>>> print(open('start.cif').read())   # mmCIF, C-alpha atoms
data_entry
#
loop_
_atom_site.label_atom_id
_atom_site.label_comp_id
_atom_site.auth_asym_id
_atom_site.auth_seq_id
_atom_site.Cartn_x
_atom_site.Cartn_y
_atom_site.Cartn_z
CA MET A 1 4.10 -6.67 20.82
CA SER A 2 7.22 -4.52 20.73
CA THR A 3 7.23 -1.10 19.09
CA THR A 4 9.42 -2.35 16.23
CA ASN A 5 7.22 -5.39 15.59
CA ALA A 6 4.12 -3.21 15.67
CA VAL A 7 5.60 -0.87 13.10
CA ASP A 8 6.64 -3.80 10.89
CA ALA A 9 3.11 -5.22 11.14
CA ASP A 10 1.61 -1.88 10.16
CA ARG A 11 4.00 -1.70 7.23
CA THR A 12 2.90 -5.16 6.02
CA VAL A 13 -0.80 -4.30 6.23
CA ASP A 14 -0.28 -0.93 4.55
CA ALA A 15 1.77 -2.48 1.73
CA GLY A 16 -1.03 -4.90 0.93
CA ALA A 17 -3.65 -2.16 0.97
CA THR A 18 -1.73 0.15 -1.36
CA SER A 19 -0.01 -2.33 -3.67
CA LEU A 20 1.37 -0.48 -6.68
CA LEU A 21 3.03 -1.94 -9.76
CA ARG A 22 5.04 0.19 -12.16
CA PHE A 23 5.44 -1.56 -15.51
CA ALA A 24 6.49 -0.70 -19.05
CA THR A 25 5.56 -2.07 -22.45
CA ALA A 26 8.13 -2.52 -25.20
CA GLY A 27 8.48 -4.24 -28.54
CA SER A 28 9.13 -3.68 -32.21
CA VAL A 29 7.16 -1.31 -34.42
CA ASP A 30 3.56 -2.44 -35.08
CA ASP A 31 3.72 -5.29 -32.57
CA GLY A 32 0.62 -3.82 -30.94
CA LYS A 33 1.87 -2.19 -27.74
CA SER A 34 -0.59 0.68 -27.74
CA THR A 35 -3.45 -1.64 -28.70
CA LEU A 36 -2.57 -3.90 -25.76
CA VAL A 37 -2.55 -0.93 -23.39
CA GLY A 38 -5.85 0.30 -24.80
CA ARG A 39 -7.35 -3.18 -24.41
CA LEU A 40 -6.13 -3.36 -20.81
CA LEU A 41 -7.70 0.02 -20.01
CA HIS A 42 -10.93 -0.75 -21.87
CA ASP A 43 -11.56 -4.28 -20.62
CA SER A 44 -10.61 -3.42 -17.03
CA LYS A 45 -13.17 -0.60 -17.23
CA SER A 46 -10.53 2.06 -16.62
CA VAL A 47 -11.67 4.28 -19.51
CA LEU A 48 -14.08 7.14 -18.95
CA ALA A 49 -17.13 7.36 -21.20
CA ASP A 50 -16.02 10.62 -22.82
CA GLN A 51 -12.54 9.17 -23.54
CA LEU A 52 -14.07 6.15 -25.26
CA GLU A 53 -16.44 8.38 -27.21
CA ALA A 54 -13.52 10.51 -28.42
CA VAL A 55 -11.65 7.38 -29.55
CA GLU A 56 -14.74 6.09 -31.37
CA HIS A 57 -15.14 9.45 -33.11
CA ALA A 58 -11.46 9.57 -34.14
CA SER A 59 -11.66 5.98 -35.40
CA ARG A 60 -14.73 6.75 -37.55
CA ASN A 61 -12.93 9.75 -39.04
CA ARG A 62 -10.15 7.38 -40.09
CA GLY A 63 -12.62 5.02 -41.74
CA GLN A 64 -12.49 2.33 -39.07
CA GLU A 65 -15.67 0.52 -38.13
CA THR A 66 -14.52 -0.46 -34.63
CA PRO A 67 -12.76 1.74 -32.04
CA ASP A 68 -8.98 1.82 -32.38
CA LEU A 69 -7.98 1.30 -28.76
CA ALA A 70 -4.39 2.32 -29.51
CA LEU A 71 -5.65 5.91 -29.64
CA LEU A 72 -6.16 5.78 -25.87
CA THR A 73 -2.39 6.12 -25.46
CA ASP A 74 -1.10 7.52 -28.75
CA GLY A 75 -2.08 11.11 -28.03
CA LEU A 76 0.45 13.07 -30.12
CA ARG A 77 -0.76 14.21 -33.53
CA ALA A 78 2.31 12.69 -35.20
CA GLU A 79 1.64 9.39 -33.43
CA ARG A 80 -1.95 9.23 -34.66
CA GLU A 81 -0.99 10.23 -38.18
CA GLN A 82 1.72 7.56 -38.45
CA GLY A 83 0.05 4.94 -36.26
CA ILE A 84 3.16 4.61 -34.09
CA THR A 85 4.29 5.53 -30.57
CA ILE A 86 6.94 8.27 -30.39
CA ASP A 87 7.01 9.47 -26.80
CA VAL A 88 6.57 7.53 -23.55
CA ALA A 89 2.88 7.61 -22.62
CA TYR A 90 2.21 7.20 -18.91
CA ARG A 91 -1.18 5.92 -17.78
CA TYR A 92 -2.61 5.26 -14.34
CA PHE A 93 -5.33 2.69 -13.75
CA ALA A 94 -6.50 0.45 -10.95
CA THR A 95 -8.37 -2.75 -10.30
CA PRO A 96 -9.78 -3.99 -6.98
CA ARG A 97 -6.55 -5.95 -6.45
CA ARG A 98 -3.82 -3.45 -7.38
CA ARG A 99 -2.94 0.00 -8.67
CA PHE A 100 -0.80 0.45 -11.79
CA ILE A 101 1.43 3.07 -13.38
CA LEU A 102 2.09 2.07 -16.98
CA ALA A 103 4.69 3.42 -19.38
CA ASP A 104 3.91 2.71 -23.04
CA THR A 105 7.30 3.06 -24.76
CA PRO A 106 8.14 3.47 -28.47
CA GLY A 107 9.31 0.62 -30.66
CA HIS A 108 11.53 2.39 -33.21
CA VAL A 109 15.28 1.93 -32.87
CA GLN A 110 15.81 5.71 -32.71
CA TYR A 111 13.57 5.88 -29.63
CA THR A 112 15.46 3.25 -27.59
CA ARG A 113 16.35 6.03 -25.14
CA ASN A 114 12.63 6.52 -24.47
CA MET A 115 12.37 2.85 -23.51
CA VAL A 116 15.21 3.39 -21.04
CA THR A 117 13.27 6.27 -19.52
CA GLY A 118 10.08 4.25 -19.18
CA ALA A 119 11.72 1.12 -17.80
CA SER A 120 14.15 2.78 -15.39
CA THR A 121 11.64 2.69 -12.53
CA ALA A 122 9.60 -0.31 -13.69
CA GLU A 123 9.32 -3.53 -11.71
CA LEU A 124 7.98 -5.40 -14.74
CA ALA A 125 8.43 -5.10 -18.50
CA VAL A 126 5.96 -6.45 -21.07
CA VAL A 127 7.84 -7.22 -24.29
CA LEU A 128 5.52 -7.77 -27.25
CA VAL A 129 6.31 -9.98 -30.22
CA ASP A 130 4.27 -10.29 -33.42
CA ALA A 131 3.42 -13.99 -33.73
CA ARG A 132 3.93 -13.77 -37.50
CA ASN A 133 7.45 -12.29 -37.24
CA GLY A 134 8.81 -13.94 -34.10
CA VAL A 135 11.81 -12.60 -32.19
CA VAL A 136 13.44 -9.78 -34.18
CA GLU A 137 16.39 -7.46 -33.58
CA GLN A 138 14.34 -4.90 -31.66
CA THR A 139 12.92 -7.65 -29.44
CA ARG A 140 16.42 -8.63 -28.43
CA ARG A 141 17.34 -4.97 -27.94
CA HIS A 142 14.44 -4.38 -25.55
CA ALA A 143 15.16 -7.58 -23.65
CA ALA A 144 18.77 -6.45 -23.25
CA VAL A 145 17.73 -3.00 -22.02
CA ALA A 146 15.34 -4.58 -19.48
CA ALA A 147 18.17 -6.81 -18.25
CA LEU A 148 20.61 -3.90 -18.12
CA LEU A 149 18.14 -1.87 -16.04
CA ARG A 150 17.66 -4.85 -13.69
CA VAL A 151 13.89 -5.05 -14.27
CA PRO A 152 13.02 -8.04 -12.05
CA HIS A 153 10.05 -9.41 -14.03
CA VAL A 154 9.66 -9.73 -17.82
CA VAL A 155 6.48 -10.82 -19.61
CA LEU A 156 6.72 -12.05 -23.19
CA ALA A 157 3.37 -11.25 -24.82
CA VAL A 158 3.15 -13.10 -28.15
CA ASN A 159 0.60 -10.87 -29.87
CA LYS A 160 -1.58 -11.26 -32.97
CA MET A 161 -2.14 -14.94 -32.33
CA ASP A 162 -5.41 -14.55 -34.26
CA LEU A 163 -3.33 -13.89 -37.40
CA ALA A 164 -1.26 -17.02 -36.70
CA GLY A 165 -4.30 -19.29 -36.45
CA TYR A 166 -3.95 -19.51 -32.65
CA GLU A 167 -1.33 -22.22 -33.25
CA GLU A 168 0.36 -23.53 -30.10
CA ARG A 169 3.54 -24.49 -31.97
CA VAL A 170 3.98 -20.88 -33.14
CA PHE A 171 3.76 -19.62 -29.57
CA ALA A 172 5.99 -22.37 -28.19
CA ALA A 173 8.79 -21.69 -30.69
CA ILE A 174 8.80 -17.95 -29.99
CA ALA A 175 8.64 -18.46 -26.22
CA GLU A 176 11.58 -20.87 -26.28
CA GLU A 177 13.77 -18.59 -28.39
CA PHE A 178 13.04 -15.50 -26.31
CA THR A 179 13.38 -17.27 -22.95
CA THR A 180 16.77 -18.69 -23.92
CA TYR A 181 18.03 -15.26 -24.98
CA ALA A 182 16.64 -13.39 -21.96
CA ALA A 183 17.94 -16.01 -19.53
CA SER A 184 21.42 -15.58 -20.99
CA LEU A 185 21.20 -11.91 -20.02
CA GLY A 186 20.39 -12.77 -16.43
CA VAL A 187 16.68 -11.86 -16.48
CA PRO A 188 15.46 -13.51 -13.25
CA GLU A 189 11.84 -14.23 -14.23
CA ILE A 190 10.20 -14.64 -17.65
CA THR A 191 6.50 -15.34 -18.21
CA ALA A 192 5.21 -16.05 -21.74
CA ILE A 193 1.55 -15.37 -22.59
CA PRO A 194 -0.14 -15.83 -26.02
CA ILE A 195 -2.53 -12.94 -26.73
CA SER A 196 -4.50 -11.04 -29.31
CA ALA A 197 -4.70 -7.44 -28.17
CA LEU A 198 -7.08 -6.55 -30.99
CA ALA A 199 -9.55 -9.35 -30.20
CA GLY A 200 -8.94 -9.32 -26.43
CA ASP A 201 -7.67 -12.91 -26.12
CA ASN A 202 -5.85 -13.50 -22.82
CA VAL A 203 -5.49 -9.78 -22.09
CA VAL A 204 -8.13 -9.40 -19.38
CA THR A 205 -10.33 -12.44 -20.06
CA PRO A 206 -9.15 -15.98 -20.93
CA SER A 207 -9.23 -16.88 -24.60
CA ALA A 208 -11.75 -19.40 -25.92
CA ASN A 209 -9.51 -19.83 -28.98
CA MET A 210 -6.45 -21.12 -27.13
CA ASP A 211 -7.67 -23.88 -24.83
CA TRP A 212 -4.15 -25.35 -24.95
CA TYR A 213 -2.91 -22.45 -22.80
CA GLY A 214 -3.58 -22.81 -19.08
CA GLY A 215 -1.61 -19.88 -17.69
CA PRO A 216 -2.75 -16.45 -16.48
CA THR A 217 -4.04 -13.61 -18.60
CA VAL A 218 -1.91 -10.48 -18.82
CA LEU A 219 -4.01 -8.62 -16.24
CA GLU A 220 -4.12 -11.61 -13.89
CA HIS A 221 -0.34 -11.83 -13.97
CA LEU A 222 0.01 -8.08 -13.41
CA GLU A 223 -2.31 -8.32 -10.42
CA THR A 224 -0.50 -11.22 -8.78
CA VAL A 225 3.20 -10.81 -9.58
CA PRO A 226 5.18 -10.05 -6.39
CA VAL A 227 6.12 -6.37 -6.18
CA GLY A 228 8.42 -4.48 -3.89
CA ALA A 229 11.13 -5.92 -1.70
CA ASP A 230 11.32 -6.02 2.05
CA PRO A 231 13.12 -2.77 2.94
CA SER A 232 15.02 -4.57 5.70
CA ASP A 233 16.80 -6.65 3.04
CA ASP A 234 18.81 -3.61 1.87
CA PRO A 235 21.14 -1.31 3.81
CA ALA A 236 19.65 2.08 4.63
CA ARG A 237 20.45 5.00 2.35
CA PHE A 238 19.20 8.50 3.19
CA PRO A 239 20.19 11.30 0.79
CA VAL A 240 19.76 14.65 2.53
CA GLN A 241 17.52 17.00 0.58
CA TYR A 242 17.09 19.89 3.00
CA VAL A 243 18.39 20.98 6.39
CA ILE A 244 15.63 22.19 8.76
CA ARG A 245 16.66 24.81 11.34
CA PRO A 246 13.52 26.67 12.56
CA GLN A 247 15.41 28.63 15.26
CA THR A 248 12.11 29.63 16.84
CA ALA A 249 11.24 30.10 20.50
CA GLU A 250 9.49 26.72 20.42
CA HIS A 251 12.36 24.94 18.64
CA PRO A 252 15.52 26.97 19.34
CA ASP A 253 18.00 24.09 18.85
CA TYR A 254 16.14 21.88 16.36
CA ARG A 255 18.35 20.55 13.56
CA GLY A 256 16.79 18.01 11.22
CA TYR A 257 17.76 16.54 7.89
CA ALA A 258 14.84 16.06 5.52
CA GLY A 259 14.65 13.73 2.55
CA GLN A 260 13.30 10.47 1.17
CA ILE A 261 14.75 7.16 2.32
CA ALA A 262 16.15 5.60 -0.85
CA SER A 263 16.47 2.09 0.56
CA GLY A 264 16.45 0.09 3.76
CA VAL A 265 15.19 0.91 7.24
CA LEU A 266 16.31 3.61 9.68
CA ARG A 267 15.75 3.21 13.42
CA VAL A 268 16.34 5.46 16.38
CA GLY A 269 19.63 4.44 17.97
CA ASP A 270 21.28 3.33 14.71
CA ALA A 271 24.97 4.18 14.37
CA VAL A 272 25.34 6.08 11.09
CA THR A 273 28.04 7.62 8.94
CA VAL A 274 27.62 10.83 6.95
CA LEU A 275 29.21 10.68 3.51
CA PRO A 276 31.38 11.88 1.89
CA SER A 277 32.83 13.46 5.08
CA GLY A 278 32.94 10.14 6.96
CA ARG A 279 31.77 11.68 10.25
CA THR A 280 29.78 9.37 12.51
CA SER A 281 26.85 9.84 14.86
CA THR A 282 23.69 8.14 16.12
CA VAL A 283 20.08 8.58 15.01
CA GLU A 284 18.51 10.49 17.89
CA GLY A 285 15.05 10.88 16.41
CA ILE A 286 12.92 10.47 13.28
CA ASP A 287 9.97 12.72 12.44
CA ALA A 288 7.35 11.59 9.91
CA LEU A 289 4.22 13.59 9.07
CA GLY A 290 4.72 15.79 12.11
CA HIS A 291 5.08 12.93 14.60
CA ALA A 292 8.11 11.27 16.16
CA VAL A 293 8.53 7.61 15.15
CA ASP A 294 11.02 4.94 16.11
CA THR A 295 11.35 3.37 12.64
CA ALA A 296 11.11 4.58 9.04
CA TRP A 297 11.63 2.70 5.79
CA ALA A 298 11.94 3.29 2.05
CA PRO A 299 10.39 5.15 0.32
CA GLN A 300 9.08 7.29 3.19
CA SER A 301 9.90 11.00 3.36
CA VAL A 302 11.10 11.85 6.86
CA THR A 303 13.26 14.19 8.90
CA VAL A 304 16.20 12.59 10.70
CA ARG A 305 17.77 14.08 13.83
CA LEU A 306 21.28 13.06 14.89
CA ALA A 307 22.85 13.04 18.33
CA ASP A 308 25.75 15.24 17.22
CA ASP A 309 25.81 18.64 15.50
CA LEU A 310 27.61 17.83 12.28
CA ASP A 311 28.24 19.92 9.18
CA ILE A 312 25.66 18.29 6.91
CA SER A 313 24.09 19.82 3.81
CA ARG A 314 22.03 18.89 0.77
CA GLY A 315 23.64 16.07 -1.17
CA ASP A 316 25.22 14.32 1.81
CA LEU A 317 24.27 10.69 2.38
CA ILE A 318 23.42 9.18 5.77
CA ALA A 319 24.05 5.42 5.92
CA PRO A 320 24.54 2.79 8.62
CA THR A 321 28.15 2.71 9.74
CA ALA A 322 28.28 -1.08 9.41
CA ALA A 323 27.09 -1.01 5.77
CA ALA A 324 28.21 2.32 4.36
CA PRO A 325 29.01 2.53 0.62
CA SER A 326 32.52 3.31 -0.56
CA VAL A 327 33.38 6.86 -1.56
CA SER A 328 35.29 7.66 -4.73
CA GLN A 329 35.89 10.32 -7.35
CA ASP A 330 36.30 7.72 -10.10
CA VAL A 331 32.99 6.44 -11.44
CA GLU A 332 32.99 3.41 -13.74
CA ALA A 333 29.55 2.82 -15.20
CA THR A 334 27.35 1.80 -18.08
CA VAL A 335 25.41 4.68 -19.63
CA CYS A 336 22.63 5.07 -22.14
CA HIS A 337 23.24 8.21 -24.13
CA VAL A 338 19.96 10.07 -24.58
CA ALA A 339 21.00 13.43 -26.08
CA ASP A 340 21.14 14.16 -29.79
CA ARG A 341 24.72 15.44 -29.62
CA PRO A 342 27.38 12.80 -28.90
CA LEU A 343 29.22 12.17 -25.64
CA THR A 344 32.99 12.41 -26.10
CA VAL A 345 36.16 11.80 -24.09
CA GLY A 346 37.24 14.93 -22.26
CA GLN A 347 33.73 16.39 -22.21
CA ARG A 348 32.84 18.45 -19.15
CA VAL A 349 29.55 17.47 -17.55
CA LEU A 350 27.56 17.68 -14.36
CA LEU A 351 26.87 14.40 -12.56
CA LYS A 352 23.64 14.25 -10.55
CA HIS A 353 23.47 11.42 -8.01
CA THR A 354 20.41 11.40 -5.71
CA THR A 355 20.35 14.95 -4.27
CA ARG A 356 23.99 15.75 -5.04
CA THR A 357 25.23 17.43 -8.24
CA VAL A 358 28.97 17.76 -8.90
CA LYS A 359 31.24 18.78 -11.76
CA ALA A 360 32.81 15.91 -13.67
CA ILE A 361 34.76 15.07 -16.80
CA VAL A 362 34.50 12.03 -19.07
CA LYS A 363 37.96 10.48 -18.87
CA GLU A 364 37.43 7.39 -20.99
CA ILE A 365 34.91 5.47 -23.10
CA PRO A 366 36.28 1.90 -23.00
CA SER A 367 33.54 0.27 -25.08
CA ARG A 368 30.15 0.53 -26.76
CA LEU A 369 27.64 -2.29 -26.46
CA THR A 370 26.17 -3.82 -29.61
CA LEU A 371 22.74 -4.95 -28.46
CA ASP A 372 22.13 -7.19 -31.46
CA ASP A 373 24.67 -9.80 -30.33
CA LEU A 374 25.82 -8.29 -26.99
CA SER A 375 29.36 -7.81 -28.29
CA GLN A 376 31.58 -4.95 -27.09
CA HIS A 377 32.96 -2.48 -29.63
CA PRO A 378 36.24 -1.39 -28.04
CA ALA A 379 37.38 2.21 -27.64
CA PRO A 380 34.75 4.09 -29.64
CA ASP A 381 35.49 7.76 -30.19
CA GLU A 382 32.07 8.77 -28.88
CA LEU A 383 28.61 7.64 -27.85
CA ALA A 384 25.77 8.80 -30.09
CA ALA A 385 22.07 9.03 -29.29
CA ASN A 386 20.63 5.68 -28.12
CA ASP A 387 24.12 4.16 -27.71
CA ILE A 388 24.86 2.15 -24.58
CA GLY A 389 28.47 2.00 -23.49
CA ARG A 390 31.00 1.87 -20.68
CA ILE A 391 32.50 5.12 -19.43
CA VAL A 392 34.94 6.30 -16.77
CA VAL A 393 34.11 9.65 -15.15
CA ARG A 394 36.21 11.68 -12.75
CA THR A 395 34.24 13.90 -10.35
CA ALA A 396 35.33 17.09 -8.61
CA GLU A 397 34.02 15.82 -5.26
CA PRO A 398 33.76 12.31 -3.80
CA LEU A 399 30.50 10.43 -4.32
CA ALA A 400 28.99 7.53 -2.37
CA LEU A 401 27.59 5.26 -5.08
CA ASP A 402 26.34 1.73 -4.71
CA ALA A 403 26.60 -0.74 -7.58
CA TYR A 404 23.45 -0.47 -9.72
CA ALA A 405 23.05 -4.24 -9.44
CA ASN A 406 22.58 -3.76 -5.68
CA SER A 407 20.50 -0.57 -5.69
CA ARG A 408 18.67 0.99 -8.61
CA ARG A 409 18.17 4.20 -6.61
CA THR A 410 21.65 4.90 -5.25
CA GLY A 411 23.49 3.16 -8.09
CA SER A 412 22.05 5.40 -10.81
CA PHE A 413 22.96 8.90 -11.91
CA LEU A 414 22.49 11.43 -14.70
CA LEU A 415 25.06 13.26 -16.80
CA ILE A 416 23.94 16.81 -17.55
CA ASP A 417 25.23 19.47 -19.95
CA PRO A 418 26.42 22.36 -17.72
CA ALA A 419 25.74 24.88 -20.46
CA ASP A 420 21.99 24.40 -20.87
CA GLY A 421 20.92 21.72 -18.37
CA THR A 422 20.19 19.10 -21.05
CA THR A 423 20.25 15.50 -19.84
CA LEU A 424 23.04 13.74 -21.72
CA ALA A 425 23.07 10.20 -20.37
CA ALA A 426 21.52 7.90 -17.78
CA GLY A 427 24.18 6.02 -15.87
CA MET A 428 24.34 2.76 -13.93
CA ALA A 429 27.36 2.38 -11.66
CA GLY A 430 29.31 -0.86 -11.62
CA THR A 431 29.47 -3.68 -14.15
CA ALA A 432 26.91 -4.45 -16.85
CA PHE A 433 25.43 -7.84 -17.68
CA ALA A 434 27.70 -8.11 -20.76
CA GLU A 435 30.94 -7.08 -19.05
CA THR A 436 33.85 -8.95 -20.62
CA GLY A 437 36.73 -7.50 -18.67
CA ALA A 438 37.78 -4.87 -16.24
CA PRO A 439 37.51 -1.30 -17.52
CA SER A 440 40.74 0.53 -18.12
CA ALA A 441 42.09 2.62 -15.29
CA PRO A 442 41.29 6.32 -15.50
CA ALA A 443 43.93 8.45 -17.09
CA ALA A 444 46.01 10.84 -15.02
CA ALA A 445 44.19 14.10 -14.41
CA ALA A 446 45.49 17.56 -15.21
CA ASP A 447 43.93 20.72 -13.85
CA ASP A 448 42.09 22.73 -16.50
CA GLU A 449 39.85 25.55 -15.31
CA GLY A 450 38.56 23.45 -12.46
CA TRP A 451 37.18 20.65 -14.66
CA ASP A 452 40.02 18.10 -14.69
CA PHE A 453 40.41 16.51 -11.27
#
>>> encode(input="start.cif", output="structure tokens")
Amino acid sequence: MSTTNAVDADRTVDAGATSLLRFATAGSVDDGKSTLVGRLLHDSKSVLADQLEAVEHASRNRGQETPDLALLTDGLRAEREQGITIDVAYRYFATPRRRFILADTPGHVQYTRNMVTGASTAELAVVLVDARNGVVEQTRRHAAVAALLRVPHVVLAVNKMDLAGYEERVFAAIAEEFTTYAASLGVPEITAIPISALAGDNVVTPSANMDWYGGPTVLEHLETVPVGADPSDDPARFPVQYVIRPQTAEHPDYRGYAGQIASGVLRVGDAVTVLPSGRTSTVEGIDALGHAVDTAWAPQSVTVRLADDLDISRGDLIAPTAAAPSVSQDVEATVCHVADRPLTVGQRVLLKHTTRTVKAIVKEIPSRLTLDDLSQHPAPDELAANDIGRIVVRTAEPLALDAYANSRRTGSFLLIDPADGTTLAAGMAGTAFAETGAPSAPAAAADDEGWDF
């Protein structure tokens, strides 16, 4: 077996042994997201005895005869008082088949930005619908956000089936409406499951009340859905985080570039280009965990050594010469505005892309997306909190961005307030699912204290 094949075989075995799924829950207010999460944790025996005892005690104090499993995730005092989720609650649990990192996101419209945060790294989104109410505005909003963030798998969990008499026709009507809408957004995979989070139907164990349903339970689907892509399917992207120059007697000439591989596979001997400078070289060596290796793949953290001594620093991107991204100072993107103060044309910001942070200015806001019907509101004056819209940004230095549709890691960025470091917006380079036309060209730039470029 060749060295490369041996490494690939080790990668396959290791991936199966450490399978990890990041997923997020979303849905309208009172659809039962936190109860579903609590039921998952409880029935999969991922709750410690003292945690369950605390929930039972809190439930008794609220006059409830049975434990309120939603309290396992709703930890803020305001959340427990109102019976809602406000912040994103992250939970880790595991079964013999897979490990999970779960983000329980809020359902209120004003917390849509929190859903963006929770789903930005998720490989699966569970969208809950109350069987009594069907698909509502917030359901469509969350489906649109999941599609915009390119979440590859979406589960429609039709909850509270016990309050709908476990009727198959109720489930079928909701599933058809949601699937049609989500498919129109380009969601690649949709799985509908009828559940009762409160009673435990089809969450971890199959329901005896819905013998007409022959599909998987929520946990069974989470354990078996394909996760992760073959790194070799994507071009390599290596943002440099730190330059290592020991300059010791043992390593007098060592020059290595440390960081985490964002995508793809790097191999010794690969011809690479350093961006944004455009200088080329060859991968001379790769060090991982103190040992030299011939191959490394995403998301490993490694140190790369090049055959030539180039001027490389934090924020530079090493990519294969044959598949290097384009470099530009004009960024056209879709953003979700997450700050309380609005984003306006002409505003000076910092743009953080992988390990690189540069000055930038918002040159144009061509449109704002209306998530209810996916229409575009042209030329808004600003983007307010929770708004999603198209923007054109001009940066002080060239950036090597991929389209977000091709790479969630190197196609995403943050806009930051230079005054206090507040995150203003989460950006996704390239076109959105609801793009109706080409964005307007950026306006001519005029120098103004180093911020107009």
>>> closest_atom_pairs(input="start.cif", of="segment 94-184 of chain A", to="segment 192-199 of chain A", cutoff="6 Å", atoms="all atoms listed in the file", output="tab-separated table")
residue	atom	partner	partner_atom	distance
A:Val155	CA	A:Ala192	CA	5.8
A:Leu156	CA	A:Ala192	CA	4.5
A:Ala157	CA	A:Ile193	CA	5.0
A:Val158	CA	A:Pro194	CA	4.8
A:Asn159	CA	A:Ile195	CA	4.9
A:Lys160	CA	A:Ser196	CA	4.7
A:Met161	CA	A:Ser196	CA	5.5
>>> residues_around(input="start.cif", residues="Val302 of chain A", least_positions_apart="5", cutoff="12 Å", atoms="all atoms listed in the file", output="MDAnalysis selection string")
chainID A and resid 238:244 256:262 265:267 285:297
>>> resolve_selection(input="start.cif", expression="the PyMOL selection byres ((chain A and resi 356-362) around 6)", output="PyMOL selection string")
chain A and resi 315+345-355+363-364+393-396
>>> resolve_selection(input="start.cif", expression="the PyMOL selection byres ((chain A and resi 404) around 9)", output="PDB file with C-alpha atoms, keeping the file's coordinate frame")
ATOM      1  CA  LEU A 149      18.140  -1.870 -16.040  1.00  0.00           C
ATOM      2  CA  ARG A 150      17.660  -4.850 -13.690  1.00  0.00           C
ATOM      3  CA  ALA A 333      29.550   2.820 -15.200  1.00  0.00           C
ATOM      4  CA  LEU A 401      27.590   5.260  -5.080  1.00  0.00           C
ATOM      5  CA  ASP A 402      26.340   1.730  -4.710  1.00  0.00           C
ATOM      6  CA  ALA A 403      26.600  -0.740  -7.580  1.00  0.00           C
ATOM      7  CA  ALA A 405      23.050  -4.240  -9.440  1.00  0.00           C
ATOM      8  CA  ASN A 406      22.580  -3.760  -5.680  1.00  0.00           C
ATOM      9  CA  SER A 407      20.500  -0.570  -5.690  1.00  0.00           C
ATOM     10  CA  ARG A 408      18.670   0.990  -8.610  1.00  0.00           C
ATOM     11  CA  ARG A 409      18.170   4.200  -6.610  1.00  0.00           C
ATOM     12  CA  THR A 410      21.650   4.900  -5.250  1.00  0.00           C
ATOM     13  CA  GLY A 411      23.490   3.160  -8.090  1.00  0.00           C
ATOM     14  CA  SER A 412      22.050   5.400 -10.810  1.00  0.00           C
ATOM     15  CA  GLY A 427      24.180   6.020 -15.870  1.00  0.00           C
ATOM     16  CA  MET A 428      24.340   2.760 -13.930  1.00  0.00           C
ATOM     17  CA  ALA A 429      27.360   2.380 -11.660  1.00  0.00           C
ATOM     18  CA  GLY A 430      29.310  -0.860 -11.620  1.00  0.00           C
ATOM     19  CA  THR A 431      29.470  -3.680 -14.150  1.00  0.00           C
ATOM     20  CA  ALA A 432      26.910  -4.450 -16.850  1.00  0.00           C
TER      21      ALA A 432
END
>>> closest_residue(input="start.cif", among="A:Leu275, A:Leu21, A:Leu128, A:Val145", to="Pro226 of chain A", atoms="all atoms listed in the file")
A:Leu21
>>> closest_residue(input="start.cif", among="A:Glu168, A:Asp30, A:Asp104, A:Asp201", to="Val129 of chain A", atoms="all atoms listed in the file")
A:Asp30
>>> resolve_selection(input="start.cif", expression="the PyMOL selection byres ((chain A and resi 153) around 8)", output="PDB file with C-alpha atoms, in the coordinates of the input")
ATOM      1  CA  GLU A 123       9.320  -3.530 -11.710  1.00  0.00           C
ATOM      2  CA  LEU A 124       7.980  -5.400 -14.740  1.00  0.00           C
ATOM      3  CA  ALA A 125       8.430  -5.100 -18.500  1.00  0.00           C
ATOM      4  CA  VAL A 151      13.890  -5.050 -14.270  1.00  0.00           C
ATOM      5  CA  PRO A 152      13.020  -8.040 -12.050  1.00  0.00           C
ATOM      6  CA  VAL A 154       9.660  -9.730 -17.820  1.00  0.00           C
ATOM      7  CA  VAL A 155       6.480 -10.820 -19.610  1.00  0.00           C
ATOM      8  CA  VAL A 187      16.680 -11.860 -16.480  1.00  0.00           C
ATOM      9  CA  PRO A 188      15.460 -13.510 -13.250  1.00  0.00           C
ATOM     10  CA  GLU A 189      11.840 -14.230 -14.230  1.00  0.00           C
ATOM     11  CA  ILE A 190      10.200 -14.640 -17.650  1.00  0.00           C
TER      12      ILE A 190
END
>>> closest_residue(input="start.cif", among="A:Gly215, A:Pro299, A:Gly389, A:Pro380", to="Ala236 of chain A", atoms="all atoms listed in the file")
A:Pro299
>>> residues_near_point(input="start.cif", point="(27.8, 10.8, 9.7)", cutoff="12 Å", atoms="all atoms listed in the file", output="number ranges by chain")
A: 237-240, 257, 270-283, 304-313, 316-322, 324
>>> atom_distance(input="start.cif", atom1="atom CA of Arg390 of chain A", atom2="atom CA of Leu369 of chain A")
7.9 Å
>>> residues_around(input="start.cif", residues="His337 of chain A", least_positions_apart="3", cutoff="8 Å", atoms="only C-alpha atoms", output="number ranges by chain")
A: 113, 342-343, 383-388, 424-426
>>> residues_around(input="start.cif", residues="Ser46 of chain A", least_positions_apart="3", cutoff="8 Å", atoms="only C-alpha atoms", output="ChimeraX atom specification")
/A:41-43,93-94
>>> atom_distance(input="start.cif", atom1="atom CA of Thr121 of chain A", atom2="atom CA of Asp330 of chain A")
25.3 Å
>>> residues_around(input="start.cif", residues="Arg245 of chain A", least_positions_apart="2", cutoff="9 Å", atoms="all atoms listed in the file", output="ChimeraX atom specification")
/A:243,247-248,251-256
>>> atom_distance(input="start.cif", atom1="atom CA of Tyr92 of chain A", atom2="atom CA of Leu20 of chain A")
10.4 Å
